[in-house]
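Q: One file: target-v8.tsv (TSV, C-alpha atoms).
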chain	number	residue	atom	x	y	z
A	1	MET	CA	0.12	9.88	-19.80
A	2	LYS	CA	-1.84	8.25	-22.60
A	3	ASN	CA	-1.83	11.50	-24.56
A	4	LEU	CA	1.92	11.85	-24.03
A	5	LEU	CA	2.53	8.34	-25.42
A	6	PHE	CA	0.41	9.16	-28.46
A	7	PHE	CA	2.18	12.50	-28.91
A	8	LEU	CA	5.65	10.90	-28.78
A	9	GLY	CA	4.56	7.97	-30.93
A	10	ARG	CA	3.31	10.34	-33.59
A	11	SER	CA	6.88	11.56	-34.13
A	12	VAL	CA	7.85	8.34	-35.90
A	13	CYS	CA	4.60	6.60	-36.81
A	14	HIS	CA	1.49	7.27	-38.90
A	15	GLN	CA	-0.73	5.64	-36.19
A	16	ILE	CA	-3.32	4.47	-38.73
A	17	PRO	CA	-5.93	2.36	-36.85
A	18	GLU	CA	-6.13	-0.35	-39.57
A	19	ARG	CA	-2.44	-1.04	-39.12
A	20	SER	CA	-2.39	-0.94	-35.33
A	21	PHE	CA	-3.18	-3.37	-32.54
A	22	PHE	CA	-6.04	-2.75	-30.12
A	23	ILE	CA	-6.50	-3.98	-26.58
A	24	GLN	CA	-10.00	-3.47	-25.14
A	25	ASN	CA	-10.77	-1.04	-27.97
A	26	LEU	CA	-7.73	1.02	-27.09
A	27	GLN	CA	-5.35	1.63	-29.98
A	28	PHE	CA	-1.60	1.31	-29.47
A	29	PRO	CA	0.34	4.57	-29.84
A	30	LEU	CA	2.48	2.98	-32.58
A	31	CYS	CA	1.42	0.91	-35.58
A	32	ALA	CA	2.09	-2.86	-35.55
A	33	ARG	CA	5.39	-2.57	-37.44
A	34	CYS	CA	6.74	0.29	-35.31
A	35	THR	CA	5.62	-1.49	-32.12
A	36	GLY	CA	7.66	-4.47	-33.30
A	37	ILE	CA	10.76	-2.43	-34.21
A	38	TYR	CA	10.96	-0.42	-30.98
A	39	THR	CA	9.94	-3.29	-28.68
A	40	GLY	CA	12.66	-5.38	-30.37
A	41	MET	CA	15.18	-2.62	-29.78
A	42	PHE	CA	14.17	-2.35	-26.12
A	43	LEU	CA	14.48	-6.10	-25.58
A	44	SER	CA	17.87	-6.09	-27.29
A	45	PHE	CA	19.17	-3.29	-25.05
A	46	LEU	CA	17.79	-5.17	-22.04
A	47	TYR	CA	19.54	-8.39	-23.10
A	48	LEU	CA	22.86	-6.60	-23.71
A	49	PHE	CA	22.58	-4.89	-20.33
A	50	ILE	CA	21.73	-8.07	-18.40
A	51	SER	CA	24.38	-10.17	-20.16
A	52	ASN	CA	26.99	-7.47	-19.48
A	53	ARG	CA	27.60	-6.80	-23.19
A	54	TYR	CA	26.56	-3.17	-22.96
A	55	LYS	CA	30.24	-2.18	-22.67
A	56	GLY	CA	31.23	-4.36	-25.64
A	57	ASN	CA	33.38	-2.83	-28.37
A	58	LYS	CA	34.35	-5.72	-30.65
A	59	PRO	CA	32.59	-5.74	-34.05
A	60	PRO	CA	30.54	-8.86	-34.85
A	61	THR	CA	32.09	-11.37	-37.23
A	62	ILE	CA	31.08	-11.52	-40.89
A	63	LYS	CA	29.04	-14.68	-40.25
A	64	HIS	CA	27.07	-12.99	-37.46
A	65	LEU	CA	26.62	-9.91	-39.65
A	66	ILE	CA	25.20	-12.04	-42.48
A	67	ILE	CA	22.62	-13.53	-40.09
A	68	MET	CA	21.60	-10.05	-38.94
A	69	VAL	CA	21.26	-8.82	-42.52
A	70	ILE	CA	19.15	-11.86	-43.44
A	71	LEU	CA	16.84	-11.10	-40.50
A	72	TRP	CA	16.33	-7.53	-41.78
A	73	LEU	CA	15.11	-8.78	-45.14
A	74	PRO	CA	11.60	-9.96	-44.09
A	75	MET	CA	10.57	-6.46	-42.99
A	76	MET	CA	12.09	-4.84	-46.05
A	77	ILE	CA	10.35	-7.29	-48.37
A	78	ASP	CA	7.06	-7.12	-46.46
A	79	GLY	CA	7.10	-3.32	-46.34
A	80	ALA	CA	8.12	-2.83	-49.96
A	81	SER	CA	5.73	-5.43	-51.41
A	82	SER	CA	2.71	-4.19	-49.43
A	83	TYR	CA	3.36	-0.51	-50.21
A	84	LEU	CA	3.73	-1.34	-53.89
A	85	GLY	CA	0.45	-3.26	-53.79
A	86	LEU	CA	2.00	-6.57	-54.82
A	87	ARG	CA	0.53	-8.44	-51.88
A	88	ASP	CA	-1.56	-7.94	-48.73
A	89	THR	CA	-0.06	-8.15	-45.28
A	90	ASN	CA	-1.51	-8.19	-41.77
A	91	ASN	CA	-0.65	-6.85	-38.35
A	92	ALA	CA	0.84	-10.12	-37.08
A	93	ILE	CA	3.33	-10.23	-39.99
A	94	ARG	CA	4.11	-6.52	-39.47
A	95	LEU	CA	4.83	-7.14	-35.78
A	96	ILE	CA	7.03	-10.20	-36.33
A	97	THR	CA	9.07	-8.67	-39.16
A	98	GLY	CA	9.41	-5.45	-37.15
A	99	LEU	CA	10.70	-7.37	-34.12
A	100	LEU	CA	13.25	-9.22	-36.27
A	101	PHE	CA	14.39	-5.91	-37.74
A	102	GLY	CA	14.71	-4.07	-34.44
A	103	ILE	CA	16.42	-6.73	-32.35
A	104	PHE	CA	19.92	-6.27	-33.81
A	105	ILE	CA	20.00	-2.48	-34.32
A	106	PRO	CA	21.16	-1.84	-30.70
A	107	VAL	CA	24.20	-4.06	-31.34
A	108	PHE	CA	25.47	-1.45	-33.81
A	109	ILE	CA	24.55	1.49	-31.58
A	110	VAL	CA	26.47	-0.04	-28.67
A	111	LEU	CA	29.38	-0.80	-31.02
A	112	ILE	CA	29.83	2.76	-32.32
A	113	ARG	CA	29.37	4.07	-28.80
A	114	ASN	CA	32.23	1.99	-27.36
A	115	PHE	CA	34.51	1.32	-30.36
A	116	ASP	CA	37.91	3.01	-30.33
A	117	ALA	CA	39.93	2.72	-33.55
A	118	LYS	CA	43.18	3.47	-31.70
A	119	LYS	CA	42.88	0.58	-29.26
A	120	ASN	CA	42.40	-3.17	-29.35
A	121	ASN	CA	38.67	-3.77	-29.10
A	122	THR	CA	38.36	-7.10	-27.37
A	123	LYS	CA	35.00	-7.08	-25.57
A	124	PRO	CA	32.49	-8.85	-27.82
A	125	ILE	CA	28.88	-7.70	-28.10
A	126	ILE	CA	27.78	-10.83	-29.96
A	127	LYS	CA	30.02	-13.60	-28.66
A	128	ASN	CA	28.60	-16.62	-30.48
A	129	TYR	CA	25.50	-18.05	-32.12
A	130	LYS	CA	24.01	-18.69	-28.68
A	131	ASP	CA	23.65	-14.93	-28.20
A	132	ILE	CA	21.80	-14.57	-31.49
A	133	VAL	CA	19.47	-17.48	-30.63
A	134	CYS	CA	18.81	-16.04	-27.14
A	135	MET	CA	17.97	-12.63	-28.62
A	136	LEU	CA	15.59	-14.23	-31.09
A	137	LEU	CA	13.93	-16.34	-28.38
A	138	ILE	CA	13.21	-13.20	-26.32
A	139	LEU	CA	11.04	-12.00	-29.21
A	140	ILE	CA	8.50	-14.72	-28.45
A	141	ILE	CA	7.46	-12.80	-25.31
A	142	PRO	CA	5.88	-9.75	-27.04
A	143	MET	CA	4.39	-12.01	-29.74
A	144	LEU	CA	2.53	-14.02	-27.10
A	145	VAL	CA	1.78	-11.21	-24.69
A	146	ILE	CA	0.10	-8.97	-27.26
A	147	ASN	CA	-2.68	-11.57	-27.64
A	148	LEU	CA	-3.64	-11.25	-23.96
A	149	ASN	CA	-6.56	-8.89	-23.85
A	150	HIS	CA	-5.56	-7.08	-20.67
A	151	ILE	CA	-5.14	-3.34	-20.25
A	152	SER	CA	-1.86	-3.73	-18.32
A	153	ILE	CA	-0.33	-5.28	-21.47
A	154	TRP	CA	-1.34	-2.15	-23.37
A	155	TRP	CA	0.43	0.05	-20.84
A	156	ILE	CA	3.58	-2.07	-20.72
A	157	LEU	CA	4.03	-2.51	-24.47
A	158	SER	CA	3.04	1.08	-25.28
A	159	SER	CA	5.41	2.55	-22.70
A	160	VAL	CA	8.29	0.26	-23.66
A	161	SER	CA	7.97	0.87	-27.40
A	162	VAL	CA	7.38	4.62	-27.22
A	163	LEU	CA	10.03	5.41	-24.60
A	164	THR	CA	12.64	3.49	-26.59
A	165	ILE	CA	12.35	6.18	-29.30
A	166	PRO	CA	13.83	9.06	-27.22
A	167	PHE	CA	16.39	6.62	-25.77
A	168	ILE	CA	17.63	5.79	-29.28
A	169	TYR	CA	17.69	9.48	-30.24
A	170	ILE	CA	19.64	10.39	-27.11
A	171	GLN	CA	22.20	7.63	-27.78
A	172	ILE	CA	22.69	8.79	-31.37
A	173	PHE	CA	23.06	12.47	-30.45
A	174	TYR	CA	25.45	11.47	-27.65
A	175	ILE	CA	27.62	9.59	-30.19
A	176	ILE	CA	27.60	12.58	-32.56
A	177	LEU	CA	28.52	15.01	-29.78
A	178	LYS	CA	31.32	12.77	-28.49
A	179	ASN	CA	32.75	12.48	-32.00
A	180	ILE	CA	32.61	16.22	-32.68
A	181	PHE	CA	33.66	17.46	-29.22
A	182	SER	CA	35.95	14.82	-27.79
A	183	SER	CA	36.55	16.83	-24.60
A	184	ILE	CA	32.86	17.16	-23.72
A	185	LYS	CA	31.82	15.67	-20.37
A	186	LYS	CA	29.46	12.71	-20.28
A	187	GLY	CA	26.77	14.56	-18.31
A	188	GLN	CA	26.89	17.60	-20.58
A	189	ALA	CA	26.74	15.42	-23.68
A	190	TYR	CA	23.67	13.56	-22.37
A	191	PHE	CA	21.96	16.81	-21.39
A	192	ILE	CA	22.46	18.39	-24.83
A	193	ALA	CA	21.51	15.10	-26.53
A	194	SER	CA	18.28	14.97	-24.50
A	195	LEU	CA	17.40	18.55	-25.46
A	196	PHE	CA	17.99	17.87	-29.17
A	197	SER	CA	15.98	14.65	-28.99
A	198	VAL	CA	12.98	16.32	-27.34
A	199	MET	CA	13.07	19.19	-29.84
A	200	ILE	CA	13.20	16.84	-32.83
A	201	MET	CA	10.45	14.57	-31.49
A	202	VAL	CA	8.13	17.50	-30.74
A	203	GLY	CA	8.79	18.97	-34.19
A	204	LEU	CA	8.16	15.68	-35.99
A	205	SER	CA	5.03	15.02	-33.95
A	206	ILE	CA	3.55	18.41	-34.89
A	207	ILE	CA	4.40	17.90	-38.58
A	208	ASN	CA	2.78	14.46	-38.57
A	209	LYS	CA	-0.34	15.80	-36.86
A	210	LEU	CA	-0.73	18.39	-39.62
A	211	LEU	CA	-0.07	15.90	-42.42
A	212	LEU	CA	-2.36	13.17	-41.15
A	213	ALA	CA	-5.13	15.31	-39.67
A	214	GLY	CA	-7.81	13.77	-41.86
A	215	PHE	CA	-6.88	10.12	-41.38
A	216	ARG	CA	-7.42	9.51	-37.68
B	1	MET	CA	65.41	-14.60	-34.25
B	2	ASN	CA	63.48	-14.37	-37.53
B	3	TYR	CA	60.62	-11.98	-38.25
B	4	CYS	CA	58.17	-11.41	-41.07
B	5	ARG	CA	58.88	-8.09	-42.73
B	6	GLU	CA	55.21	-7.69	-43.74
B	7	CYS	CA	53.26	-8.43	-40.53
B	8	GLY	CA	56.07	-8.37	-37.95
B	9	LYS	CA	55.21	-11.78	-36.44
B	10	ILE	CA	57.98	-13.92	-34.86
B	11	LEU	CA	58.88	-16.92	-37.07
B	12	ASP	CA	61.07	-19.98	-36.85
B	13	GLU	CA	64.64	-19.69	-38.11
B	14	ASN	CA	64.17	-22.01	-41.11
B	15	GLN	CA	60.83	-20.66	-42.38
B	16	THR	CA	60.92	-19.16	-45.85
B	17	GLU	CA	57.28	-18.11	-45.93
B	18	CYS	CA	55.22	-16.38	-43.23
B	19	PRO	CA	52.39	-18.69	-42.06
B	20	PHE	CA	50.37	-15.64	-40.91
B	21	CYS	CA	50.35	-13.47	-44.04
B	22	GLY	CA	52.01	-15.67	-46.67
B	23	THR	CA	54.84	-13.28	-47.46
B	24	HIS	CA	57.91	-14.89	-49.03
B	25	LEU	CA	60.95	-14.04	-46.92
B	26	GLY	CA	64.36	-13.01	-48.22
B	27	ASN	CA	65.92	-14.51	-45.11
B	28	GLU	CA	69.41	-13.01	-45.07
B	29	LYS	CA	68.38	-9.38	-44.96
B	30	VAL	CA	65.43	-9.95	-42.65
B	31	LYS	CA	67.53	-11.94	-40.22
B	32	GLU	CA	70.23	-9.31	-40.17
B	33	GLU	CA	67.75	-6.53	-39.49
B	34	ALA	CA	65.90	-8.63	-36.93
B	35	ASP	CA	69.11	-9.31	-35.03
B	36	LEU	CA	69.82	-5.60	-35.02
B	37	THR	CA	66.36	-4.93	-33.58
B	38	ASP	CA	66.87	-7.71	-31.01
B	39	ASN	CA	69.92	-5.87	-29.76
B	40	MET	CA	67.91	-2.66	-29.53
B	41	LEU	CA	65.19	-4.43	-27.58
B	42	ASN	CA	67.67	-6.03	-25.20
B	43	GLN	CA	69.09	-2.58	-24.49
B	44	SER	CA	65.63	-1.14	-23.90
B	45	ASP	CA	64.80	-4.10	-21.61
B	46	ALA	CA	67.46	-2.88	-19.24
B	47	SER	CA	65.98	0.62	-19.06
B	48	PRO	CA	62.94	1.41	-16.84
B	49	SER	CA	61.18	3.34	-19.63
B	50	MET	CA	60.04	0.16	-21.37
B	51	ASP	CA	58.23	-1.07	-18.26
B	52	LYS	CA	56.51	2.28	-18.12
B	53	ILE	CA	55.28	1.85	-21.69
B	54	ASP	CA	53.98	-1.65	-20.89
B	55	ASN	CA	52.02	-0.38	-17.92
B	56	THR	CA	50.61	2.56	-19.80
B	57	PHE	CA	49.36	0.67	-22.83
B	58	GLU	CA	48.29	-2.54	-21.05
B	59	TYR	CA	49.96	-4.93	-23.46
B	60	GLY	CA	49.42	-7.91	-21.24
B	61	VAL	CA	52.20	-10.09	-19.87
B	62	ASP	CA	55.54	-8.41	-19.30
B	63	SER	CA	57.48	-10.98	-21.28
B	64	PRO	CA	60.27	-10.04	-23.71
B	65	GLU	CA	58.10	-11.40	-26.56
B	66	SER	CA	55.20	-9.12	-25.71
B	67	LYS	CA	57.58	-6.16	-25.68
B	68	LYS	CA	58.87	-7.15	-29.09
B	69	ASP	CA	55.30	-7.54	-30.38
B	70	TYR	CA	54.61	-4.10	-29.07
B	71	MET	CA	57.66	-2.66	-30.82
B	72	TYR	CA	56.67	-4.23	-34.12
B	73	SER	CA	52.94	-3.64	-34.08
B	74	THR	CA	52.41	-0.20	-32.60
B	75	THR	CA	55.35	2.03	-33.21
B	76	THR	CA	54.99	5.71	-34.03
B	77	ASP	CA	52.35	6.48	-36.64
B	78	TYR	CA	52.89	8.95	-39.45
B	79	ASP	CA	50.13	10.76	-41.28
B	80	TYR	CA	50.75	10.59	-44.99
B	81	SER	CA	47.56	12.19	-46.23
B	82	SER	CA	49.72	14.79	-47.95
B	83	MET	CA	51.00	12.03	-50.25
B	84	GLY	CA	47.61	11.57	-51.87
B	85	GLY	CA	46.44	8.83	-49.57
B	86	SER	CA	44.91	9.09	-46.15
B	87	GLY	CA	45.26	7.71	-42.68
B	88	THR	CA	48.39	6.42	-41.02
B	89	MET	CA	51.34	4.18	-41.81
B	90	ASN	CA	53.16	2.06	-39.25
B	91	ASN	CA	56.79	3.01	-38.87
B	92	ASN	CA	57.94	-0.56	-38.42
B	93	PRO	CA	61.64	-1.44	-38.60
B	94	TYR	CA	61.34	-2.30	-42.30
B	95	ASP	CA	59.35	0.81	-43.29
B	96	VAL	CA	56.74	-1.33	-44.98
B	97	PRO	CA	53.11	-0.27	-44.43
B	98	ALA	CA	50.88	-3.02	-42.97
B	99	SER	CA	48.39	-2.53	-45.82
B	100	GLU	CA	47.53	0.03	-48.46
B	101	PRO	CA	45.41	2.93	-47.19
B	102	LEU	CA	41.84	3.10	-48.38
B	103	ASN	CA	41.35	5.23	-51.48
B	104	ASN	CA	39.59	8.52	-50.74
B	105	TRP	CA	37.23	8.02	-53.67
B	106	VAL	CA	36.08	4.71	-52.19
B	107	LYS	CA	35.33	6.50	-48.92
B	108	ILE	CA	33.38	9.26	-50.67
B	109	LEU	CA	31.43	6.75	-52.75
B	110	LEU	CA	30.52	4.64	-49.71
B	111	ALA	CA	29.48	7.73	-47.72
B	112	PHE	CA	27.32	8.81	-50.67
B	113	PHE	CA	25.63	5.39	-50.90
B	114	THR	CA	25.11	5.29	-47.13
B	115	ALA	CA	23.30	8.64	-47.17
B	116	THR	CA	20.91	7.61	-49.94
B	117	PRO	CA	17.37	6.67	-48.84
B	118	ALA	CA	15.99	3.14	-48.46
B	119	ILE	CA	18.87	0.70	-49.06
B	120	GLY	CA	21.68	3.18	-48.21
B	121	PRO	CA	21.82	2.67	-44.42
B	122	PHE	CA	22.22	-1.07	-44.85
B	123	ILE	CA	25.15	-0.61	-47.24
B	124	GLY	CA	26.73	1.73	-44.68
B	125	ILE	CA	26.24	-0.65	-41.77
B	126	ILE	CA	27.62	-3.67	-43.66
B	127	ALA	CA	30.60	-1.75	-45.09
B	128	GLY	CA	31.23	-0.21	-41.66
B	129	ILE	CA	31.44	-3.58	-39.89
B	130	VAL	CA	33.60	-5.07	-42.67
B	131	PHE	CA	36.12	-2.21	-42.29
B	132	MET	CA	36.00	-2.20	-38.49
B	133	ILE	CA	37.12	-5.83	-38.43
B	134	LYS	CA	40.31	-4.93	-40.35
B	135	GLU	CA	43.60	-4.36	-38.57
B	136	ASP	CA	44.71	-0.94	-39.81
B	137	GLN	CA	43.53	2.23	-38.16
B	138	ASP	CA	42.51	3.94	-41.41
B	139	ARG	CA	39.96	1.25	-42.21
B	140	LYS	CA	38.77	1.07	-38.61
B	141	THR	CA	38.13	4.82	-38.51
B	142	THR	CA	36.39	4.75	-41.89
B	143	GLY	CA	34.29	1.79	-40.74
B	144	GLN	CA	33.25	3.57	-37.56
B	145	ALA	CA	32.29	6.69	-39.53
B	146	LEU	CA	30.29	4.64	-42.06
B	147	LEU	CA	28.49	2.75	-39.31
B	148	THR	CA	27.62	6.03	-37.55
B	149	VAL	CA	26.28	7.56	-40.76
B	150	GLY	CA	24.44	4.31	-41.51
B	151	ILE	CA	22.65	4.27	-38.14
B	152	ILE	CA	21.77	7.98	-38.38
B	153	SER	CA	20.54	7.45	-41.92
B	154	LEU	CA	18.44	4.48	-40.76
B	155	VAL	CA	16.73	6.56	-38.05
B	156	VAL	CA	16.15	9.44	-40.49
B	157	ASN	CA	14.71	6.93	-42.98
B	158	CYS	CA	12.33	5.55	-40.34
B	159	CYS	CA	11.18	9.09	-39.51
B	160	CYS	CA	10.82	10.15	-43.13
B	161	ALA	CA	9.00	6.99	-44.18
B	162	PHE	CA	5.85	8.00	-42.33
B	163	ALA	CA	6.11	11.58	-43.65
B	164	VAL	CA	6.32	10.38	-47.26
B	165	PHE	CA	3.50	7.93	-46.59
B	166	SER	CA	1.37	10.67	-45.02
B	167	GLN	CA	2.07	13.04	-47.89
B	168	THR	CA	1.06	10.36	-50.41
B	169	LEU	CA	-2.19	9.74	-48.55
B	170	SER	CA	-2.93	13.47	-48.44
B	171	GLU	CA	-2.32	13.82	-52.18
B	172	MET	CA	-4.49	10.78	-52.91
B	173	SER	CA	-7.36	12.16	-50.83
B	174	THR	CA	-7.12	15.51	-52.64
B	175	PHE	CA	-7.13	13.74	-56.00
B	176	TYR	CA	-10.22	11.65	-55.26
For this file, write the structure as structure tokens.

A:
Amino acid sequence: MKNLLFFLGRSVCHQIPERSFFIQNLQFPLCARCTGIYTGMFLSFLYLFISNRYKGNKPPTIKHLIIMVILWLPMMIDGASSYLGLRDTNNAIRLITGLLFGIFIPVFIVLIRNFDAKKNNTKPIIKNYKDIVCMLLILIIPMLVINLNHISIWWILSSVSVLTIPFIYIQIFYIILKNIFSSIKKGQAYFIASLFSVMIMVGLSIINKLLLAGFR
Amino acid sequence: MNYCRECGKILDENQTECPFCGTHLGNEKVKEEADLTDNMLNQSDASPSMDKIDNTFEYGVDSPESKKDYMYSTTTDYDYSSMGGSGTMNNNPYDVPASEPLNNWVKILLAFFTATPAIGPFIGIIAGIVFMIKEDQDRKTTGQALLTVGIISLVVNCCCAFAVFSQTLSEMSTFY
């Protein structure tokens, strides 16, 4: 299971030890930033599902969109400035900026999944500022939990972050298939989307293993 | 009854400007045409086909006003892409399109920006949401397409970022 998590994680992440969290000398299968992004996405999907917004199809307002864009900026600035060598960053900053980046991406995935240009889209995904605040407050959980030096935390966070990757891929392929073949059945679309996702993840994981063979 | 010829909303008899879209009304002609349409609607009220339409399209309360709103807002759509534009135009009683269709060059340019690495996906997502909020179907469809491309581009960017990073590290190690 551990090897599977590392194999899947390798499809999107460099897994460099210096940029990853450790619990009891066990490295996470994703780097700090990727752990933040995909854990944020998972928590966002969870919130939308629990609050019954998973079927929402109304685009967020411009004001809500501006807030989301502002919350993307820290990761973009942190990533760009550290890669360019302008400043040093650390794993805590990578995790926090990654969480802020990932938390609102599912809103757009749910929107394109349910939006129908020919109909009135009246079910909001983000209803008001309270939703945004609630989503941001949820992010405190992984920030606090990652400091607990317990192996169960490793398993929970690793599984959640890594398994969100194929989930996102499947959703995106499902959207593409539904747009291209409007008559395709839901089950068929999900089956084909799953196959594509697995193929792409395996391919990317192998490529990454070859590229980064000397750095782990 | 008085109607706005631009947005089709029901107005008071004495209003000379639409409070919804700000269009100045040439009242005589509008009123005449609106009365003509009222007669048409009253005739269609008597027929069972209208009720069928209401049930099919779920336009809320079965009041005469909602039926009129329906007639003004979602009548038959025509594709006029052959005229150099794209998308659809509402065939409202005054033959005035709700808004100008989006220029094809704007669509191509936005799609190009969305597909570019790094900042591109964010441009696509923002432009997509801005268009999806609009009323006309052409902009909504374009917005949905831009948002889809933006999200795909974002995922591809995330995947490629590590590959570029890995490649850079490999080259650096070879150099040193």

Q: Sorted by chain and rising residue number, list the residues of chain A at most 8 Å from chain B (counting all atoms listed in the file), each with its closest atom pair and distance in Å to one decimal, as CSV.

A:
residue,atom,partner,partner_atom,distance
A:Ser11,CA,B:Cys159,CA,7.3
A:Val12,CA,B:Cys159,CA,5.0
A:Cys13,CA,B:Phe162,CA,5.8
A:His14,CA,B:Phe162,CA,5.6
A:Pro59,CA,B:Ile133,CA,6.3
A:Pro60,CA,B:Ile129,CA,7.4
A:Thr61,CA,B:Ile133,CA,7.6
A:Ile62,CA,B:Val130,CA,7.1
A:Leu65,CA,B:Ile126,CA,7.5
A:Phe108,CA,B:Leu147,CA,7.6
A:Ile109,CA,B:Ile151,CA,7.4
A:Ile112,CA,B:Gln144,CA,6.3
A:Phe115,CA,B:Gln144,CA,7.6
A:Ala117,CA,B:Lys140,CA,5.4
A:Lys118,CA,B:Gln137,CA,6.6
A:Ile172,CA,B:Ile152,CA,7.1
A:Asn208,CA,B:Ala163,CA,6.7
A:Leu211,CA,B:Ser166,CA,6.0
A:Leu212,CA,B:Ser166,CA,5.9

Q: Which residues, written as a PyMOL selection string, have at least one atom at most 9 Å from A:Met201, with only C-alpha atoms counted and residues fewer than 6 positions away on the same chain left out?

A: chain A and resi 7-12+165-166+169

Q: In terms of the shortest atom-to-atom distance over only C-alpha atoms, which of A:Ile67, A:Ile170, A:Asn179, A:Phe45 is closest to A:Met199?

A: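 That would be A:Ile170, the residue with the smallest distance to A:Met199.
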
Q: Figure out the distance between atom CA of A:Val160 and atom CA of A:Leu95, please, to one decimal in Å.

A: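 Computed distance, atom CA of A:Leu95 to atom CA of A:Val160, equals 14.6 Å.
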
Q: For atom CA of A:Ile200 and atom CA of A:Ser183, determine how far apart the two atoms are, in Å to one decimal place.

A: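 Atom CA of A:Ser183 lies 24.8 Å from atom CA of A:Ile200.
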
Q: Provide the atom CA of A:Ser81 to atom CA of A:Leu136 distance in Å, to one decimal place.

A: 24.2 Å

Q: Which of these, B:Cys4, B:Ala115, B:Leu102, B:Leu110, has the shortest distance to B:Thr16 once you count only C-alpha atoms?

A: B:Cys4

Q: Skip stretch 70-72 of chain A itself and residues of its chain fewer than 4 positions away, then list as a PyMOL selection string all residues within 8 Å of it, counting only C-alpha atoms.

A: chain A and resi 66+76+97+100-101

Q: For A:Leu73, which residue out of A:Leu5, A:Leu148, A:Leu137, A:Gly102 is the nearest one, using only C-alpha atoms?

A: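 When distances to A:Leu73 are compared using only C-alpha atoms, the smallest one comes from A:Gly102.
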
Q: In the coordinates of the file, take the point (7.6, 3.8, -25.0) and a cut-off of 10 Å; then, counting only C-alpha atoms, name each qualifying protein, DNA or RNA residue as a list in words.

A: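 Collected hits near the coordinates: Leu4, Leu5, Phe6, Leu8, Gly9, Pro29, Leu30, Thr35, Tyr38, Thr39, Phe42, Trp155, Ile156, Leu157, Ser158, Ser159, Val160, Ser161, Val162, Leu163, Thr164, Ile165, Pro166 and Phe167 of chain A.
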
Q: Have stretch 10-24 of chain B completed to N, CA and C atoms, please, and pass it along as a PDB file, in the frame of the given file.

A:
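The resulting file, selection.pdb, is reproduced below:
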ATOM      1  N   ILE B  10      56.756 -13.139 -35.113  1.00  0.00           N
ATOM      2  CA  ILE B  10      57.980 -13.920 -34.860  1.00  0.00           C
ATOM      3  C   ILE B  10      57.860 -15.278 -35.555  1.00  0.00           C
ATOM      4  N   LEU B  11      58.918 -15.651 -36.315  1.00  0.00           N
ATOM      5  CA  LEU B  11      58.880 -16.920 -37.070  1.00  0.00           C
ATOM      6  C   LEU B  11      60.042 -17.811 -36.661  1.00  0.00           C
ATOM      7  N   ASP B  12      59.947 -19.068 -37.068  1.00  0.00           N
ATOM      8  CA  ASP B  12      61.070 -19.980 -36.850  1.00  0.00           C
ATOM      9  C   ASP B  12      62.234 -19.608 -37.768  1.00  0.00           C
ATOM     10  N   GLU B  13      63.430 -20.055 -37.364  1.00  0.00           N
ATOM     11  CA  GLU B  13      64.640 -19.690 -38.110  1.00  0.00           C
ATOM     12  C   GLU B  13      64.603 -20.163 -39.567  1.00  0.00           C
ATOM     13  N   ASN B  14      64.061 -21.394 -39.778  1.00  0.00           N
ATOM     14  CA  ASN B  14      64.170 -22.010 -41.110  1.00  0.00           C
ATOM     15  C   ASN B  14      62.972 -21.718 -42.011  1.00  0.00           C
ATOM     16  N   GLN B  15      62.022 -20.913 -41.560  1.00  0.00           N
ATOM     17  CA  GLN B  15      60.830 -20.660 -42.380  1.00  0.00           C
ATOM     18  C   GLN B  15      61.136 -19.676 -43.496  1.00  0.00           C
ATOM     19  N   THR B  16      60.683 -20.040 -44.704  1.00  0.00           N
ATOM     20  CA  THR B  16      60.920 -19.160 -45.850  1.00  0.00           C
ATOM     21  C   THR B  16      59.657 -18.404 -46.240  1.00  0.00           C
ATOM     22  N   GLU B  17      58.542 -18.786 -45.635  1.00  0.00           N
ATOM     23  CA  GLU B  17      57.280 -18.110 -45.930  1.00  0.00           C
ATOM     24  C   GLU B  17      56.519 -17.899 -44.623  1.00  0.00           C
ATOM     25  N   CYS B  18      55.946 -16.698 -44.471  1.00  0.00           N
ATOM     26  CA  CYS B  18      55.220 -16.380 -43.230  1.00  0.00           C
ATOM     27  C   CYS B  18      53.904 -17.147 -43.193  1.00  0.00           C
ATOM     28  N   PRO B  19      53.662 -17.954 -42.128  1.00  0.00           N
ATOM     29  CA  PRO B  19      52.390 -18.690 -42.060  1.00  0.00           C
ATOM     30  C   PRO B  19      51.199 -17.781 -41.742  1.00  0.00           C
ATOM     31  N   PHE B  20      51.462 -16.549 -41.280  1.00  0.00           N
ATOM     32  CA  PHE B  20      50.370 -15.640 -40.910  1.00  0.00           C
ATOM     33  C   PHE B  20      49.860 -14.835 -42.107  1.00  0.00           C
ATOM     34  N   CYS B  21      50.800 -14.311 -42.914  1.00  0.00           N
ATOM     35  CA  CYS B  21      50.350 -13.470 -44.040  1.00  0.00           C
ATOM     36  C   CYS B  21      50.801 -14.004 -45.395  1.00  0.00           C
ATOM     37  N   GLY B  22      51.612 -15.052 -45.408  1.00  0.00           N
ATOM     38  CA  GLY B  22      52.010 -15.670 -46.670  1.00  0.00           C
ATOM     39  C   GLY B  22      53.129 -14.984 -47.425  1.00  0.00           C
ATOM     40  N   THR B  23      53.758 -13.996 -46.782  1.00  0.00           N
ATOM     41  CA  THR B  23      54.840 -13.280 -47.460  1.00  0.00           C
ATOM     42  C   THR B  23      56.081 -14.166 -47.604  1.00  0.00           C
ATOM     43  N   HIS B  24      56.677 -14.154 -48.820  1.00  0.00           N
ATOM     44  CA  HIS B  24      57.910 -14.890 -49.030  1.00  0.00           C
ATOM     45  C   HIS B  24      59.051 -14.079 -48.425  1.00  0.00           C
TER      46      HIS B  24
END
